[in-house]
Structures are given as C-alpha cells and as structure tokens.
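Everything below concerns the one structure shown next.
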Amino acid sequence: MMRSTTFSLLSIILLLSISSNANSESVHETFLQCLLNHSHPHNPISNAIFTPQNLSYSTVLQSYIRNLRFNTTSTPKPLLILTAKHESHVQAAIICGRKHALQMKIRSGGHDYEGISYVSNVPFFILDMFELRSVDVDIKTESAWVQTGAILGEVYYRIAEKSKTHGFPAGVCPTVGVGGHFSGGGYGNMMRKYGLSVDNIVDAKMVDVNGRLLDRKSMGEDLFWAIKGGGGASFGVVIAYKINLVNVPEIVTVFRVERTLEQNATAIVDHWQHIADKLPEDLFIRLIVDVVNTTQNGEKTVRATFIAFFLGGSERLLSIMNESFPELGLAQSDCIETSWLQSVFFWTDLSIDTPTDVLLDRTPALSYLKRKSDYVKEPIPKEGLERIWKRMIELERPRMLFNPYGGKMAEIPSTETPFPHRAGNLWKIQYATNWNEAGTEAANYYIDLTRKLYNFMTPFVSKNPRQAFLNYRDLDLGINHNSDLKASYLEGRVYGIKYFKGNFNRLVKIKTKVDPENFFRNEQSIPLFPY
C-alpha cells in the first residue's frame, strides 16, 4: 500500500511539473506570437527578438550587465530580450506584456547598481533600449533630442562635433545610459553651475501603458514632471529627452591633488567641508576618501583625493584657490588646461590626450560592486573625522566620494522636480566598494563592509528621513514585492520617502492615474495609492 501511494504521489508531481513547464512554454509562445502580430511591415520586430534558443541571447544579455554580481549562472534570466529598434517595438512590448501579465524590465545602459533593469524573481522579459541611441544636436536652438539608449559619451561627443563652447551637465562616466541617468536625476561636475540633467530637460517622448506615443504637451505637466527625476520606469518607457545645451568656455581646468593623514589630510578635509558648497559655482571639487598603504612599514593610512573641474583657465582658478582654499597648496603644475570634452577622460582616469572617439566605446571595466548613498547637512567635527578615518582603516576596502552642493543646486526649489535634495545639503556621499572575487561568500563579505561603514556614518548624515539618491540604487533601503495594494504602498513608502522626501506623495498620485494596474513595476518602483 505504501509503495502504491508513493508511486501515485510521484506521478502527480511529475504531471504537475510537466503541466507547469507546458504552461510556461505556452505563455512564452503566445507572448512571442503577440509581438510578431504587432510588427509593422516597414519596421519588422522579428530581428529584434532574442530568445534563449538564439545563439546571440547570452551575448546580448551580458553586454549591458555592469555589475558582475548579476552575471552568474544562478542569476534569473529573461524569457526573451527585445532590442527595440523602433518606437513600434516599444509599443508592442507594452501591449503584449500587459496582455500576458509578464513583468517588463527596461534597460538603457545597464548601470543600475542592483541590476533592477535586467533581473527579476518572477517571469520577465527585457526591453533593451541600446538600439535607440540617436543624438540630434541643433546648435541654432542650443538644444538636442537624445534617445534613451544613448550613452553619455555619445551625447558629449555629438555636442562637441557641432560646438566647442557647448556642453551638457551630466555624469562623469561616459558609458552610463541616458535613460536611467536622466530619469533618476543625473548629476555631474557642472551641477553647481547648471544644476542636474533634469533641470535642463524641456521635452520628452514616451510610450504610456496604453501604447500611446506622447510628448510633453500630450502627456501633461504632471507626468512630464514625474519622469524628470522620479524614475521613468515607473510611469512608461521614455524614448527620448529634449535637452537644453549649456555654455562652456573653450578652455576648462582640472586638477587632482592627494593628501594622506601624514600630510595633514584631516585639517584639509575639515576646511574643504566648510567651503566646498560656497565656492564660485564655476568650480566643483570632489573629495574621495580611501585607505592606502603608507610608505613606512606598509601600515594603512587614509588618503584624501581632491578632484576638480573649473569652467575657466588655471590663472583664475589659482586665484580662487589661494583665497578660499590655501590649505590644499594647489600649484600651477597641478593644473591641466583642456577642452570640456577632453576633461571627461581626466575624470575617468584616462590620459587627457585620449582620442575623443573613445567616448563612443560602450565597454566599461567591470567588477563586482556595492553602492550606498547619504547626504550631509552640517560639517563633521574634526574629532568625528578622526573617528571615521579609524573605522575606514579597520574596514579597509570601502571608499567614500563626497560631491559638494551649493551654487545652482541650492537655488532650485526642492519641488521643481522629483529630485528633492537641494538647499540645505552640503554634500552627497557615495559609498563605493569594488571587488574581483566571484561567489556569494565574497559578495556577502564586501557588502557587509559597505553596510558597516554606512551604519558608522549615521550620526553625521541627514535624519528623518535619512536621504538617499535614486540613481545610487540600494535595495537595503527596502524592496517592493508588488503584492496587494496596501502592502505595496507601505513597502514603497519606506524607500520612497528617502529618495524623494515630500515629492513621494505627488509621484504616487501621478503613478495611480497613469498606470492604475501597476504594469510598470520593479523592486523599487513608485507604488499605487491603496485607497
């Protein structure tokens, strides 16, 4: 009797497994057929679809995975990848994704630190935007239409092709994709002069949940506001942004100066934190703090690296530094005069003479990584800095990058865009840990180091809420399981308030109006109102 019962149970389990696989394959096939049915004769979709059976599937998937933590055999894989080549492909993806209740992940450059744009624990497909990458620059109107599959390096290169005295305020990493960077805020070394990327966006084209192609006028001001810093993937698929170019001089100046604790770094950092947000808005001085070996006995010390970008020549820069920041001891020999375009290489640790077409290269150096963020509102006491150095030496691997605010960032109201971190913030911290060892054990070890430094910094950073930057994606802040409405809203509020502060509720109202079934969802998307 026992043997017969066991056989029956095994038979049922086998049948259920076969049935489940058949249903999964059925959904996959009908979804695929739906995409083909929505193909336009002049823009066929078939050559944009990559399934696991396609020889190029793995190559396409891995090409835009920028964090090696999510490039393993155990990482969940998409049912298919749609590399949209036309707006109609995006429309088909949304219509068919809704019809078959599949989660859609939207990937631009793949730099989401937590892999949210290409990983999911539920059945999903990837809408890959890298084929939609045109950059149409119009110097007469000092504007450009930029598709969201472009990378920042392409944007900079195309602007400089047309003008030596125009630029755009965005990130210092040229391989970052426009879609995620712009829709999450987008900042760079001109933010003290011109604000964020989103502060210079004047129009957009997007496809909504009903498959309609909208511009600023047809989408309305609320939705346009939301996709300028609220994370576009919560509201639709942004195809392109229209940006206003900004003026840059033909000559800019950069410098990098390093000081260790033995070279009076504590006093220099202390002075930096009192003046960095008050310097002329043409000057941006990033501070990187990390742990290095001393020249004596191989002991560990803290190194402070000051990296600057100045919209002007070295003579004026030296005058400003001698007046406002003499403690650094900047010399003429530290300064490099170059063009705005070439300065991008300096910030990516490449030779300033690197050929400019390297900016079109989409292949960054890859590593395993973890990132977190914070905002500082009051200078840290010297005694606090010394405690931080001691803790960093104990942890050794995590670095901190301090990005100063002030200037234009303090002038723009916190409600102007969803990005709320404006006046009152002295600087933003990025916690950065990279490693090269594969495996879960190594990942857990280095992620834990990063969390320990983040926790140690609690007394020195913003509170109620402890603010965070959306583009420094951090799932430690909370995960939305997108289950029932009330639970989803409560989960979303946990991270949403940290990313958006008082703008969170407005984002939720807009989301509820434009995507009432929550099709555009991910682990940290904007939730719906439950009431």
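Each chain in the structure tokens gets a letter, A, B and so on, in the order shown; residues start at 1 in every chain, and ligands are counted from 1 in the order they appear.
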**Request:** Would you list, as a count of residues only, the residues of range 372-511 of chain A that end up in alpha helix (DSSP H) under DSSP run on this structure's backbone?
**Result:** 59
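Using only C-alpha atoms, the residues found no farther than 10 Å from Ser120 in chain A, other than those of its own chain fewer than 3 positions away, are Thr75, Pro76, Lys77, Pro78, Gln103, Met104, Lys105, Gly115, Ile116, Ser117, Pro123, Phe124, Phe125, Ile126, Asn522 and Glu523 of chain A.
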Requested write-out: C-alpha atoms of the selected residues, as an mmCIF file, in the first residue's frame:
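result.cif, written as the output of this step:
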data_model
loop_
_atom_site.group_PDB
_atom_site.id
_atom_site.type_symbol
_atom_site.label_atom_id
_atom_site.label_comp_id
_atom_site.auth_asym_id
_atom_site.auth_seq_id
_atom_site.Cartn_x
_atom_site.Cartn_y
_atom_site.Cartn_z
ATOM 1 C CA THR A 75 21.019 34.894 -11.836
ATOM 2 C CA PRO A 76 17.396 34.720 -13.115
ATOM 3 C CA LYS A 77 17.234 35.060 -16.893
ATOM 4 C CA PRO A 78 14.562 36.734 -19.043
ATOM 5 C CA GLN A 103 6.968 41.778 -15.963
ATOM 6 C CA MET A 104 8.918 44.057 -18.269
ATOM 7 C CA LYS A 105 12.387 45.283 -17.264
ATOM 8 C CA GLY A 115 20.564 45.051 -11.515
ATOM 9 C CA ILE A 116 16.917 46.090 -11.349
ATOM 10 C CA SER A 117 16.829 46.837 -15.082
ATOM 11 C CA PRO A 123 8.797 35.616 -15.113
ATOM 12 C CA PHE A 124 10.013 38.628 -17.079
ATOM 13 C CA PHE A 125 11.438 39.921 -20.309
ATOM 14 C CA ILE A 126 13.876 42.744 -21.037
ATOM 15 C CA ASN A 522 10.048 46.807 -10.185
ATOM 16 C CA GLU A 523 11.636 46.192 -6.802
#
**Request:** Would you list the contacts of Ile49 in chain A as a ChimeraX atom specification, taking every protein, DNA or RNA residue within 8 Å and counting only C-alpha atoms, but skipping same-chain residues closer than 4 positions in sequence?
**Result:** /A:45,80-83
Just to be explicit: take each residue in the selection above, keep all heavy atoms, and write the result as a PDB file, in the first residue's frame.
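Now in out02.pdb:
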ATOM      1  N   ILE A  45       9.745  43.347 -36.325  1.00  0.00           N
ATOM      2  CA  ILE A  45      10.217  43.165 -34.959  1.00  0.00           C
ATOM      3  C   ILE A  45      11.010  41.876 -34.783  1.00  0.00           C
ATOM      4  O   ILE A  45      11.743  41.712 -33.805  1.00  0.00           O
ATOM      5  CB  ILE A  45       9.007  43.196 -33.982  1.00  0.00           C
ATOM      6  CG1 ILE A  45       9.460  43.546 -32.556  1.00  0.00           C
ATOM      7  CG2 ILE A  45       8.266  41.852 -33.999  1.00  0.00           C
ATOM      8  CD1 ILE A  45       8.305  43.806 -31.601  1.00  0.00           C
ATOM      9  N   LEU A  80      12.780  36.427 -22.836  1.00  0.00           N
ATOM     10  CA  LEU A  80      13.359  36.911 -24.082  1.00  0.00           C
ATOM     11  C   LEU A  80      13.853  38.334 -23.885  1.00  0.00           C
ATOM     12  O   LEU A  80      13.519  38.993 -22.902  1.00  0.00           O
ATOM     13  CB  LEU A  80      12.371  36.815 -25.254  1.00  0.00           C
ATOM     14  CG  LEU A  80      11.055  37.607 -25.225  1.00  0.00           C
ATOM     15  CD1 LEU A  80      11.255  39.075 -25.599  1.00  0.00           C
ATOM     16  CD2 LEU A  80      10.076  36.998 -26.210  1.00  0.00           C
ATOM     17  N   ILE A  81      14.646  38.782 -24.828  1.00  0.00           N
ATOM     18  CA  ILE A  81      15.137  40.164 -24.838  1.00  0.00           C
ATOM     19  C   ILE A  81      14.664  40.814 -26.126  1.00  0.00           C
ATOM     20  O   ILE A  81      14.842  40.250 -27.215  1.00  0.00           O
ATOM     21  CB  ILE A  81      16.684  40.212 -24.782  1.00  0.00           C
ATOM     22  CG1 ILE A  81      17.202  39.432 -23.575  1.00  0.00           C
ATOM     23  CG2 ILE A  81      17.170  41.665 -24.723  1.00  0.00           C
ATOM     24  CD1 ILE A  81      18.692  39.148 -23.641  1.00  0.00           C
ATOM     25  N   LEU A  82      14.027  41.965 -25.999  1.00  0.00           N
ATOM     26  CA  LEU A  82      13.575  42.720 -27.164  1.00  0.00           C
ATOM     27  C   LEU A  82      14.453  43.956 -27.294  1.00  0.00           C
ATOM     28  O   LEU A  82      14.368  44.876 -26.479  1.00  0.00           O
ATOM     29  CB  LEU A  82      12.110  43.119 -27.015  1.00  0.00           C
ATOM     30  CG  LEU A  82      11.507  43.983 -28.136  1.00  0.00           C
ATOM     31  CD1 LEU A  82      11.604  43.275 -29.479  1.00  0.00           C
ATOM     32  CD2 LEU A  82      10.059  44.333 -27.827  1.00  0.00           C
ATOM     33  N   THR A  83      15.317  43.956 -28.297  1.00  0.00           N
ATOM     34  CA  THR A  83      16.214  45.096 -28.518  1.00  0.00           C
ATOM     35  C   THR A  83      15.515  46.064 -29.479  1.00  0.00           C
ATOM     36  O   THR A  83      15.757  46.038 -30.678  1.00  0.00           O
ATOM     37  CB  THR A  83      17.560  44.633 -29.101  1.00  0.00           C
ATOM     38  OG1 THR A  83      17.339  43.965 -30.343  1.00  0.00           O
ATOM     39  CG2 THR A  83      18.259  43.680 -28.150  1.00  0.00           C
TER      40      THR A  83
END
**Prompt:** Can you tell me, as an MDAnalysis selection string, what residues are no more than 8 Å from Thr165 in chain A when counting only C-alpha atoms, ignoring any on the same chain fewer than 4 positions away?
**Reply:** chainID A and resid 160 247:250
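When only C-alpha atoms are used to measure the gap to Arg107 in chain A, the shortest distance among A:Arg371, A:Arg316, A:Lys140, A:His181 belongs to A:His181.
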**Prompt:** In range 188-321 of chain A, what's strand (DSSP E) per DSSP? Answer as a count of residues only?
**Reply:** 50
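With only C-alpha atoms taken into account, the protein and nucleic acid residues at most 8 Å from Ile285 in chain A (excluding it and anything under 6 positions from it in its own chain) are Ala276, Phe306, Ile307, Ala308, Phe309, Asn403 and Pro404 of chain A.
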Those residues with N, CA, C and O atoms, as a compact mmCIF listing (two decimals), in the first residue's frame please?
# COMPACT_ATOMS: atom_id res chain seq x y z
N ALA A 276 33.44 74.06 0.36
CA ALA A 276 33.19 73.44 -0.96
C ALA A 276 31.85 73.86 -1.57
O ALA A 276 31.73 74.02 -2.79
N PHE A 306 41.50 65.22 -3.91
CA PHE A 306 40.67 66.34 -4.34
C PHE A 306 40.72 66.42 -5.86
O PHE A 306 41.79 66.64 -6.44
N ILE A 307 39.57 66.20 -6.50
CA ILE A 307 39.50 66.22 -7.97
C ILE A 307 38.58 67.36 -8.37
O ILE A 307 37.42 67.42 -7.92
N ALA A 308 39.09 68.25 -9.22
CA ALA A 308 38.34 69.47 -9.51
C ALA A 308 38.09 69.66 -10.99
O ALA A 308 38.85 69.20 -11.85
N PHE A 309 37.00 70.37 -11.25
CA PHE A 309 36.63 70.81 -12.60
C PHE A 309 36.29 72.29 -12.49
O PHE A 309 35.48 72.69 -11.66
N ASN A 403 30.51 64.70 -2.90
CA ASN A 403 30.19 65.59 -4.02
C ASN A 403 29.51 66.85 -3.50
O ASN A 403 28.38 66.79 -3.00
N PRO A 404 30.17 68.01 -3.60
CA PRO A 404 29.65 69.23 -2.98
C PRO A 404 28.44 69.81 -3.70
O PRO A 404 28.33 69.72 -4.93
